[in-house]
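Participant: Here you go, my_file-v4.txt (compact mmCIF, C-alpha atoms):
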# COMPACT_ATOMS: atom_id res chain seq x y z
CA MET A 267 30.10 -43.77 -26.01
CA ALA A 268 27.00 -41.61 -26.24
CA ASP A 269 27.31 -37.93 -27.11
CA LYS A 270 27.12 -35.85 -23.93
CA ARG A 271 24.62 -33.62 -25.73
CA ASP A 272 22.14 -36.43 -26.26
CA HIS A 273 18.54 -35.24 -26.44
CA GLY A 274 15.07 -36.46 -27.15
CA GLY A 275 13.90 -36.38 -30.73
CA GLY A 276 15.80 -38.16 -33.48
CA LEU A 277 12.55 -39.41 -34.91
CA ASP A 278 13.85 -39.60 -38.48
CA ALA A 279 16.42 -42.21 -37.43
CA ALA A 280 13.72 -44.21 -35.67
CA VAL A 281 11.52 -44.15 -38.77
CA ALA A 282 14.44 -45.30 -40.89
CA GLN A 283 15.11 -48.23 -38.56
CA TYR A 284 11.58 -49.36 -37.73
CA GLY A 285 9.58 -48.21 -40.75
CA GLY A 286 6.36 -46.30 -41.11
CA THR A 287 5.94 -42.60 -41.79
CA ARG A 288 6.86 -39.71 -39.56
CA GLU A 289 3.20 -38.72 -39.27
CA GLY A 290 2.31 -42.21 -38.07
CA TRP A 291 4.79 -42.15 -35.20
CA LEU A 292 3.98 -41.02 -31.68
CA ASP A 293 7.01 -39.07 -30.44
CA LEU A 294 7.14 -39.21 -26.64
CA SER A 295 10.87 -38.59 -26.42
CA THR A 296 10.51 -34.93 -25.44
CA GLY A 297 8.71 -33.10 -22.64
CA ILE A 298 6.77 -30.74 -24.88
CA ASN A 299 3.08 -30.13 -24.22
CA PRO A 300 1.26 -32.15 -26.95
CA VAL A 301 -1.66 -29.70 -26.98
CA PRO A 302 0.03 -26.42 -27.96
CA TYR A 303 -1.23 -22.95 -27.34
CA PRO A 304 -3.57 -21.84 -30.16
CA VAL A 305 -1.40 -19.30 -31.92
CA GLY A 306 -4.14 -17.60 -33.93
CA GLN A 307 -3.45 -14.99 -36.59
CA ILE A 308 -0.01 -13.38 -36.77
CA SER A 309 0.16 -9.84 -38.09
CA ALA A 310 1.74 -9.15 -41.46
CA ASP A 311 4.02 -6.65 -39.75
CA ALA A 312 5.45 -9.38 -37.50
CA TRP A 313 6.49 -11.30 -40.61
CA GLY A 314 7.52 -8.45 -42.89
CA ALA A 315 9.28 -5.92 -40.66
CA LEU A 316 12.30 -6.07 -38.39
CA PRO A 317 11.24 -6.70 -34.78
CA ASP A 318 10.73 -3.35 -33.05
CA HIS A 319 11.21 -2.10 -29.51
CA GLY A 320 7.48 -1.91 -28.87
CA ALA A 321 6.95 -5.60 -29.60
CA MET A 322 9.87 -6.51 -27.34
CA ALA A 323 8.50 -4.27 -24.56
CA ARG A 324 5.10 -5.95 -24.78
CA LEU A 325 6.70 -9.39 -24.50
CA ILE A 326 8.80 -8.35 -21.50
CA GLU A 327 5.79 -6.80 -19.76
CA ALA A 328 3.75 -9.99 -20.26
CA ALA A 329 6.63 -12.13 -18.98
CA ARG A 330 7.06 -9.96 -15.88
CA ARG A 331 3.40 -10.31 -14.96
CA PHE A 332 3.10 -14.01 -15.72
CA TRP A 333 6.21 -15.07 -13.80
CA ASN A 334 6.01 -12.40 -11.06
CA VAL A 335 9.49 -11.17 -11.89
CA PRO A 336 10.81 -8.81 -9.18
CA GLU A 337 10.71 -5.13 -10.07
CA ASP A 338 14.49 -4.76 -9.73
CA ALA A 339 15.22 -7.71 -12.04
CA VAL A 340 15.55 -7.34 -15.80
CA ILE A 341 14.27 -9.77 -18.42
CA VAL A 342 16.37 -10.75 -21.43
CA PRO A 343 14.44 -12.66 -24.15
CA ALA A 344 16.33 -14.76 -26.67
CA ASN A 345 15.71 -17.24 -29.47
CA GLY A 346 15.37 -20.17 -27.09
CA ALA A 347 16.81 -21.00 -23.67
CA SER A 348 19.65 -22.86 -25.39
CA ALA A 349 20.89 -19.58 -26.91
CA LEU A 350 21.17 -18.19 -23.38
CA ILE A 351 22.76 -21.31 -21.91
CA ALA A 352 25.54 -21.19 -24.51
CA ARG A 353 26.49 -17.67 -23.42
CA LEU A 354 26.34 -18.06 -19.65
CA PRO A 355 30.01 -19.07 -19.15
CA ALA A 356 31.16 -15.77 -20.72
CA LEU A 357 29.10 -13.48 -18.46
CA PRO A 358 31.25 -10.98 -16.53
CA VAL A 359 29.48 -11.94 -13.29
CA MET A 360 31.30 -15.28 -13.45
CA GLY A 361 34.54 -13.45 -12.63
CA ALA A 362 37.66 -15.59 -12.56
CA ALA A 363 35.79 -18.79 -11.67
CA ARG A 364 36.48 -21.81 -13.84
CA ASP A 365 34.80 -24.52 -11.75
CA VAL A 366 31.04 -25.10 -11.91
CA GLN A 367 28.83 -27.43 -9.89
CA ILE A 368 26.32 -29.30 -12.07
CA ALA A 369 24.58 -32.57 -11.21
CA THR A 370 25.52 -35.52 -13.42
CA ARG A 371 21.96 -36.61 -14.13
CA THR A 372 20.38 -33.49 -15.50
CA TYR A 373 19.82 -31.57 -18.73
CA ASN A 374 23.18 -31.89 -20.43
CA GLU A 375 23.42 -28.61 -22.35
CA HIS A 376 24.59 -26.77 -19.25
CA ALA A 377 27.62 -29.00 -18.70
CA ALA A 378 28.37 -28.98 -22.42
CA ALA A 379 28.32 -25.18 -22.57
CA PHE A 380 30.68 -24.75 -19.63
CA ALA A 381 32.99 -27.55 -20.76
CA SER A 382 33.21 -26.03 -24.24
CA ALA A 383 34.29 -22.76 -22.62
CA GLY A 384 37.14 -24.51 -20.80
CA TRP A 385 35.50 -24.85 -17.40
CA THR A 386 35.82 -27.83 -15.06
CA VAL A 387 32.40 -29.36 -14.48
CA GLY A 388 31.91 -31.35 -11.26
CA GLN A 389 29.47 -32.14 -8.48
CA ASP A 390 31.45 -30.59 -5.63
CA ALA A 391 30.41 -27.20 -4.25
CA ALA A 392 31.80 -24.29 -6.27
CA ASP A 393 31.34 -20.54 -6.59
CA VAL A 394 29.19 -21.18 -9.66
CA ARG A 395 26.27 -23.61 -9.49
CA VAL A 396 23.75 -24.67 -12.12
CA VAL A 397 20.56 -26.40 -11.05
CA VAL A 398 17.61 -27.52 -13.18
CA HIS A 399 14.39 -26.97 -11.20
CA PRO A 400 12.43 -29.20 -11.48
CA ASN A 401 15.16 -31.46 -12.71
CA ASN A 402 15.10 -33.16 -16.08
CA PRO A 403 14.65 -36.16 -16.10
CA ASP A 404 13.68 -37.05 -12.49
CA GLY A 405 11.62 -33.98 -11.57
CA ALA A 406 13.54 -33.31 -8.32
CA LEU A 407 13.15 -29.81 -6.92
CA MET A 408 16.03 -27.52 -6.05
CA GLY A 409 17.77 -28.08 -2.75
CA GLY A 410 20.78 -26.60 -1.04
CA SER A 411 21.91 -23.00 -0.73
CA LEU A 412 22.64 -20.42 -3.40
CA ALA A 413 26.23 -20.14 -4.59
CA ALA A 414 27.92 -16.83 -5.41
CA VAL A 415 26.58 -17.32 -8.93
CA THR A 416 23.58 -19.62 -9.26
CA VAL A 417 21.80 -20.47 -12.51
CA ILE A 418 18.29 -21.83 -11.93
CA ASP A 419 16.85 -23.41 -15.07
CA GLU A 420 13.06 -23.39 -14.70
CA SER A 421 12.26 -24.69 -18.17
CA PHE A 422 9.71 -27.13 -16.73
CA CYS A 423 8.54 -25.09 -13.73
CA ASP A 424 5.40 -23.70 -15.35
CA VAL A 425 3.54 -26.86 -14.35
CA CYS A 426 4.32 -26.07 -10.69
CA PRO A 427 4.52 -22.26 -10.48
CA ASP A 428 4.34 -22.21 -6.68
CA GLU A 429 7.80 -23.85 -6.65
CA SER A 430 9.44 -21.10 -8.72
CA GLN A 431 12.59 -19.49 -7.33
CA MET A 432 11.88 -16.25 -9.20
CA ARG A 433 11.89 -14.31 -5.92
CA HIS A 434 15.70 -14.60 -5.97
CA ALA A 435 16.06 -12.95 -9.39
CA ASP A 436 16.72 -9.52 -7.83
CA ARG A 437 19.81 -10.84 -6.05
CA ASP A 438 23.17 -10.25 -7.74
CA GLY A 439 24.58 -13.52 -9.08
CA VAL A 440 21.24 -15.30 -9.52
CA ILE A 441 20.05 -16.12 -13.04
CA VAL A 442 16.61 -17.65 -13.59
CA LEU A 443 16.00 -19.21 -17.01
CA LYS A 444 12.60 -19.84 -18.55
CA SER A 445 11.76 -21.80 -21.70
CA PHE A 446 8.59 -20.94 -23.58
CA GLY A 447 8.40 -23.97 -25.85
CA LYS A 448 7.77 -26.71 -23.24
CA PHE A 449 4.64 -25.64 -21.37
CA TRP A 450 3.05 -23.83 -24.31
CA GLY A 451 3.92 -26.66 -26.69
CA LEU A 452 5.57 -24.33 -29.19
CA ALA A 453 9.21 -25.42 -29.25
CA GLY A 454 9.55 -24.28 -32.86
CA VAL A 455 8.91 -20.67 -31.85
CA ARG A 456 12.39 -20.69 -30.21
CA LEU A 457 11.81 -18.37 -27.28
CA GLY A 458 13.58 -18.29 -23.92
CA PHE A 459 14.21 -15.80 -21.12
CA ALA A 460 16.91 -14.94 -18.59
CA MET A 461 15.97 -12.98 -15.45
CA GLY A 462 18.40 -11.34 -13.04
CA THR A 463 19.84 -8.03 -11.92
CA PRO A 464 21.14 -5.62 -14.57
CA ARG A 465 24.71 -6.41 -13.48
CA THR A 466 24.12 -10.16 -13.70
CA VAL A 467 22.21 -10.66 -16.96
CA GLY A 468 22.37 -7.22 -18.58
CA PRO A 469 25.49 -8.09 -20.63
CA LEU A 470 23.48 -10.79 -22.42
CA VAL A 471 21.72 -8.08 -24.43
CA ASP A 472 24.96 -7.10 -26.18
CA MET A 473 26.12 -10.72 -26.41
CA LEU A 474 22.92 -11.73 -28.22
CA GLY A 475 23.01 -8.79 -30.61
CA PRO A 476 20.07 -6.96 -32.22
CA TRP A 477 16.83 -8.74 -33.08
CA ALA A 478 17.50 -11.67 -30.76
CA VAL A 479 13.85 -12.73 -31.03
CA ALA A 480 11.91 -13.06 -34.29
CA GLY A 481 8.87 -10.87 -34.87
CA PRO A 482 6.32 -13.71 -34.87
CA ALA A 483 7.86 -15.09 -31.65
CA LEU A 484 7.50 -11.69 -29.97
CA GLU A 485 3.83 -11.56 -30.90
CA ILE A 486 3.03 -15.18 -30.01
CA GLY A 487 4.91 -15.01 -26.72
CA ALA A 488 3.20 -11.85 -25.52
CA ARG A 489 -0.22 -13.22 -26.45
CA ALA A 490 0.34 -16.56 -24.72
CA LEU A 491 1.89 -15.13 -21.56
CA ARG A 492 -1.14 -12.89 -21.10
CA ASP A 493 -3.55 -15.85 -21.34
CA GLU A 494 -3.56 -17.01 -17.72
CA ALA A 495 -6.88 -18.83 -18.12
CA TRP A 496 -5.34 -21.11 -20.76
CA ALA A 497 -2.38 -21.74 -18.48
CA ALA A 498 -4.64 -22.74 -15.58
CA ARG A 499 -6.69 -25.13 -17.74
CA THR A 500 -3.52 -26.60 -19.19
CA ARG A 501 -2.02 -27.35 -15.77
CA GLU A 502 -5.16 -29.27 -14.82
CA ARG A 503 -5.14 -31.31 -18.03
CA LEU A 504 -1.44 -32.09 -17.81
CA ALA A 505 -1.78 -33.32 -14.22
CA THR A 506 -4.66 -35.60 -15.23
CA ASP A 507 -2.78 -36.95 -18.23
CA ALA A 508 0.42 -37.53 -16.22
CA ALA A 509 -1.55 -39.62 -13.73
CA ARG A 510 -3.12 -41.56 -16.61
CA LEU A 511 0.29 -42.27 -18.11
CA ASP A 512 1.64 -43.47 -14.75
CA ALA A 513 -1.28 -45.87 -14.36
CA MET A 514 -0.81 -47.23 -17.89
CA MET A 515 2.92 -47.76 -17.43
CA THR A 516 2.53 -49.29 -13.98
CA ASP A 517 0.05 -51.79 -15.38
CA ALA A 518 2.66 -52.67 -18.03
CA GLY A 519 5.28 -53.41 -15.36
CA ALA A 520 7.15 -50.11 -15.04
CA GLN A 521 7.94 -48.37 -11.76
CA VAL A 522 7.39 -44.64 -11.46
CA ILE A 523 10.49 -42.89 -10.14
CA GLY A 524 9.84 -39.23 -10.93
CA GLY A 525 9.19 -36.62 -13.56
CA THR A 526 6.91 -33.62 -13.95
CA ASP A 527 3.44 -33.19 -15.42
CA LEU A 528 5.11 -32.77 -18.85
CA PHE A 529 7.20 -35.95 -18.75
CA ARG A 530 7.40 -39.07 -16.56
CA LEU A 531 10.42 -41.18 -15.63
CA TYR A 532 10.23 -44.94 -15.12
CA ASP A 533 12.47 -47.77 -13.97
CA VAL A 534 11.89 -50.52 -16.52
CA MET A 535 14.90 -52.76 -15.74
CA ASP A 536 16.04 -52.76 -19.40
CA ALA A 537 15.39 -49.40 -21.04
CA ALA A 538 16.85 -50.39 -24.42
CA ALA A 539 14.49 -53.37 -24.64
CA TRP A 540 11.51 -51.19 -23.74
CA GLN A 541 12.50 -48.57 -26.28
CA ASP A 542 12.72 -51.28 -28.94
CA ARG A 543 9.37 -52.72 -27.91
CA LEU A 544 7.64 -49.34 -28.10
CA ALA A 545 9.35 -48.47 -31.37
CA ARG A 546 7.91 -51.58 -33.00
CA GLY A 547 4.54 -49.94 -32.30
CA HIS A 548 5.90 -46.67 -33.73
CA VAL A 549 6.16 -44.96 -30.33
CA TRP A 550 9.46 -43.17 -29.66
CA SER A 551 10.79 -42.86 -26.13
CA ARG A 552 13.85 -41.46 -24.35
CA VAL A 553 16.63 -43.50 -22.79
CA PHE A 554 19.78 -42.22 -21.07
CA PRO A 555 23.46 -43.09 -21.47
CA TYR A 556 24.06 -42.94 -17.71
CA ASP A 557 21.34 -45.37 -16.60
CA GLY A 558 20.23 -48.41 -18.58
CA ARG A 559 17.07 -48.79 -16.45
CA TRP A 560 15.56 -45.35 -17.00
CA LEU A 561 12.89 -44.66 -19.61
CA ARG A 562 11.29 -41.23 -19.97
CA LEU A 563 8.00 -40.60 -21.74
CA GLY A 564 6.26 -37.38 -22.62
CA LEU A 565 2.47 -37.19 -22.80
CA PRO A 566 0.52 -38.38 -25.85
CA ALA A 567 -1.74 -36.00 -27.72
CA LEU A 568 -5.40 -36.35 -26.83
CA ASP A 569 -6.19 -38.68 -29.76
CA ARG A 570 -3.03 -40.84 -29.57
CA TRP A 571 -3.38 -42.74 -26.27
CA ASP A 572 -4.61 -45.87 -28.05
CA GLN A 573 -1.37 -46.09 -30.02
CA LEU A 574 0.70 -46.09 -26.84
CA GLU A 575 -1.55 -48.68 -25.23
CA ALA A 576 -1.24 -50.93 -28.26
CA ALA A 577 2.57 -50.59 -28.30
CA LEU A 578 2.74 -51.60 -24.63
Could the structure of this file be written out as structure tokens, please?
Facilitator:
Amino acid sequence: MADKRDHGGGLDAAVAQYGGTREGWLDLSTGINPVPYPVGQISADAWGALPDHGAMARLIEAARRFWNVPEDAVIVPANGASALIARLPALPVMGAARDVQIATRTYNEHAAAFASAGWTVGQDAADVRVVVHPNNPDGALMGGSLAAVTVIDESFCDVCPDESQMRHADRDGVIVLKSFGKFWGLAGVRLGFAMGTPRTVGPLVDMLGPWAVAGPALEIGARALRDEAWAARTRERLATDAARLDAMMTDAGAQVIGGTDLFRLYDVMDAAAWQDRLARGHVWSRVFPYDGRWLRLGLPALDRWDQLEAAL
């Protein structure tokens, strides 16, 4: 049985099985922007000194502007959204609840975090609800009403900012999560954010401890979040590339069933066979333990489309 924490990646195992070199493989198993934000020069102070309050304040200010975070909501940065997800079950706002509503076919770290903390994870309505918006892997947008405590994971929402539920972040019990690595293509920076009222997310500051974000990440994040022109251009390119990928896959016999402009989801009848077929062309894809027909692909880098076409 597959590990409930299955993820994209695992390229080293694919290389070992199918041959080639890591550099020669096209990894489409994740939903990370293949054209990352140009980081530029990082100050020596960011590398050599402990992260200071000023750098954190600049990052928070940039995040508030970029995501239109309500004035009464606070922003808690961390070393990746996963660091925040792991701590959510222990937040005081959860109260005595031990049942959480999480869809079965969604990003699996949420269910794993709550289950590890002794919670019962199910699909029935509960006082605590976690929703991924847009959903990974099918791209579905949030529906239904807010629960007493609602976690809204917007890790992939930067491709569709008009759909953001950030307006609810000033309501007690609502937690909005953001992941920096996906849209900006800098997953290795390890930067994530939780937004909510001081009562709701404030305790995360103590739970994370001092220096929860590395100095270079503070500097890169603030710089990127201030660059709205880059974000606008990137959304246009991603939309064009997502449409190109859909056309290519449809021509190869796949059926488009969802996704976002960072990843696409296809019904291919036999996902394991398709993954094997693509891997023989050194293209790595994502399959899912709960549906043998689903294949998810991220977008190729600008100079790697020919490799995908050849593998198909």
Participant: Write out as an mmCIF file with C-alpha atoms, in the coordinates of the input each polymer residue whose atoms come within 12 Å of Ala576 in chain A, counting all atoms listed in the file; drop sequence neighbours fewer than 5 positions from it.
Facilitator:
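Ended up saving to selection-v4.cif:
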data_model
loop_
_atom_site.group_PDB
_atom_site.id
_atom_site.type_symbol
_atom_site.label_atom_id
_atom_site.label_comp_id
_atom_site.auth_asym_id
_atom_site.auth_seq_id
_atom_site.Cartn_x
_atom_site.Cartn_y
_atom_site.Cartn_z
ATOM 1 C CA LEU A 292 3.980 -41.020 -31.680
ATOM 2 C CA MET A 514 -0.810 -47.230 -17.890
ATOM 3 C CA ALA A 518 2.660 -52.670 -18.030
ATOM 4 C CA ARG A 543 9.370 -52.720 -27.910
ATOM 5 C CA LEU A 544 7.640 -49.340 -28.100
ATOM 6 C CA ALA A 545 9.350 -48.470 -31.370
ATOM 7 C CA ARG A 546 7.910 -51.580 -33.000
ATOM 8 C CA GLY A 547 4.540 -49.940 -32.300
ATOM 9 C CA HIS A 548 5.900 -46.670 -33.730
ATOM 10 C CA VAL A 549 6.160 -44.960 -30.330
ATOM 11 C CA ARG A 570 -3.030 -40.840 -29.570
ATOM 12 C CA TRP A 571 -3.380 -42.740 -26.270
#
Participant: Could you check how far CA of Trp313 in chain A sits from CA of Trp333 in chain A, in Å to one decimal?
Facilitator: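 Here the two named atoms are 27.1 Å from each other.
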Participant: Please determine, counting all atoms listed in the file, which residue among A:Leu277, A:Val396, A:Ala460, A:Ala498 has the shortest atom-to-atom distance to Trp550 in chain A.
Facilitator: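 Once distances to Trp550 in chain A are computed over all atoms listed in the file, the minimum belongs to A:Leu277.
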Participant: Suppose you want the space between CA of Ile298 in chain A and CA of Val479 in chain A; what is it in Å?
Facilitator: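 Distance between the two atoms: 20.3 Å.
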Participant: Need to verify the contact set: Ala328 in chain A, 8 Å, only C-alpha atoms, exclusion of same-chain residues closer than 6 positions in sequence. Can you return it as a list in words?
Facilitator: Ala488, Leu491 and Arg492 of chain A
Participant: Using all atoms listed in the file for the distances, tell me which of A:Glu575, A:Ile441, A:Ala377, A:Gln431 is nearest to Leu470 in chain A.
Facilitator: A:Ile441
Participant: Counting all atoms listed in the file, which residue out of A:Ala537, A:Val425, A:Gly447, A:Arg456 sits closest to Ala505 in chain A?
Facilitator: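 The shortest atom-to-atom distance to Ala505 in chain A comes from A:Val425.
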Participant: Which residues come within 9 Å of Arg530 in chain A, counting all atoms listed in the file, excluding same-chain residues fewer than 3 positions away, as a PyMOL selection string?
Facilitator: chain A and resi 297+403-405+508+511-512+522-527+561-565
Participant: Hey, could you make a per-residue contact list for range 385-499 of chain A against range 358-361 of chain A with 8 Å as the cut-off, showing the nearest pair of atoms and its distance in Å to one decimal, counting all atoms listed in the file, sorted by chain and number, as JSON lines?
Facilitator:
{"residue": "A:Val394", "atom": "CA", "partner": "A:Met360", "partner_atom": "CA", "distance": 7.3}
{"residue": "A:Val415", "atom": "CA", "partner": "A:Met360", "partner_atom": "CA", "distance": 6.8}
{"residue": "A:Gly439", "atom": "CA", "partner": "A:Val359", "partner_atom": "CA", "distance": 6.7}
{"residue": "A:Arg465", "atom": "CA", "partner": "A:Val359", "partner_atom": "CA", "distance": 7.3}
{"residue": "A:Thr466", "atom": "CA", "partner": "A:Val359", "partner_atom": "CA", "distance": 5.7}
{"residue": "A:Pro469", "atom": "CA", "partner": "A:Pro358", "partner_atom": "CA", "distance": 7.6}
Participant: How many Å lie between CA of Val342 in chain A and CA of Phe459 in chain A, rounded to one decimal?
Facilitator: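 According to the coordinates, CA of Val342 in chain A and CA of Phe459 in chain A are separated by 5.5 Å.
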Participant: Just checking: using all atoms listed in the file, which residue out of A:Ser348, A:Ile326, A:Ala282, A:Leu357 ends up closest to Asp472 in chain A?
Facilitator: A:Leu357
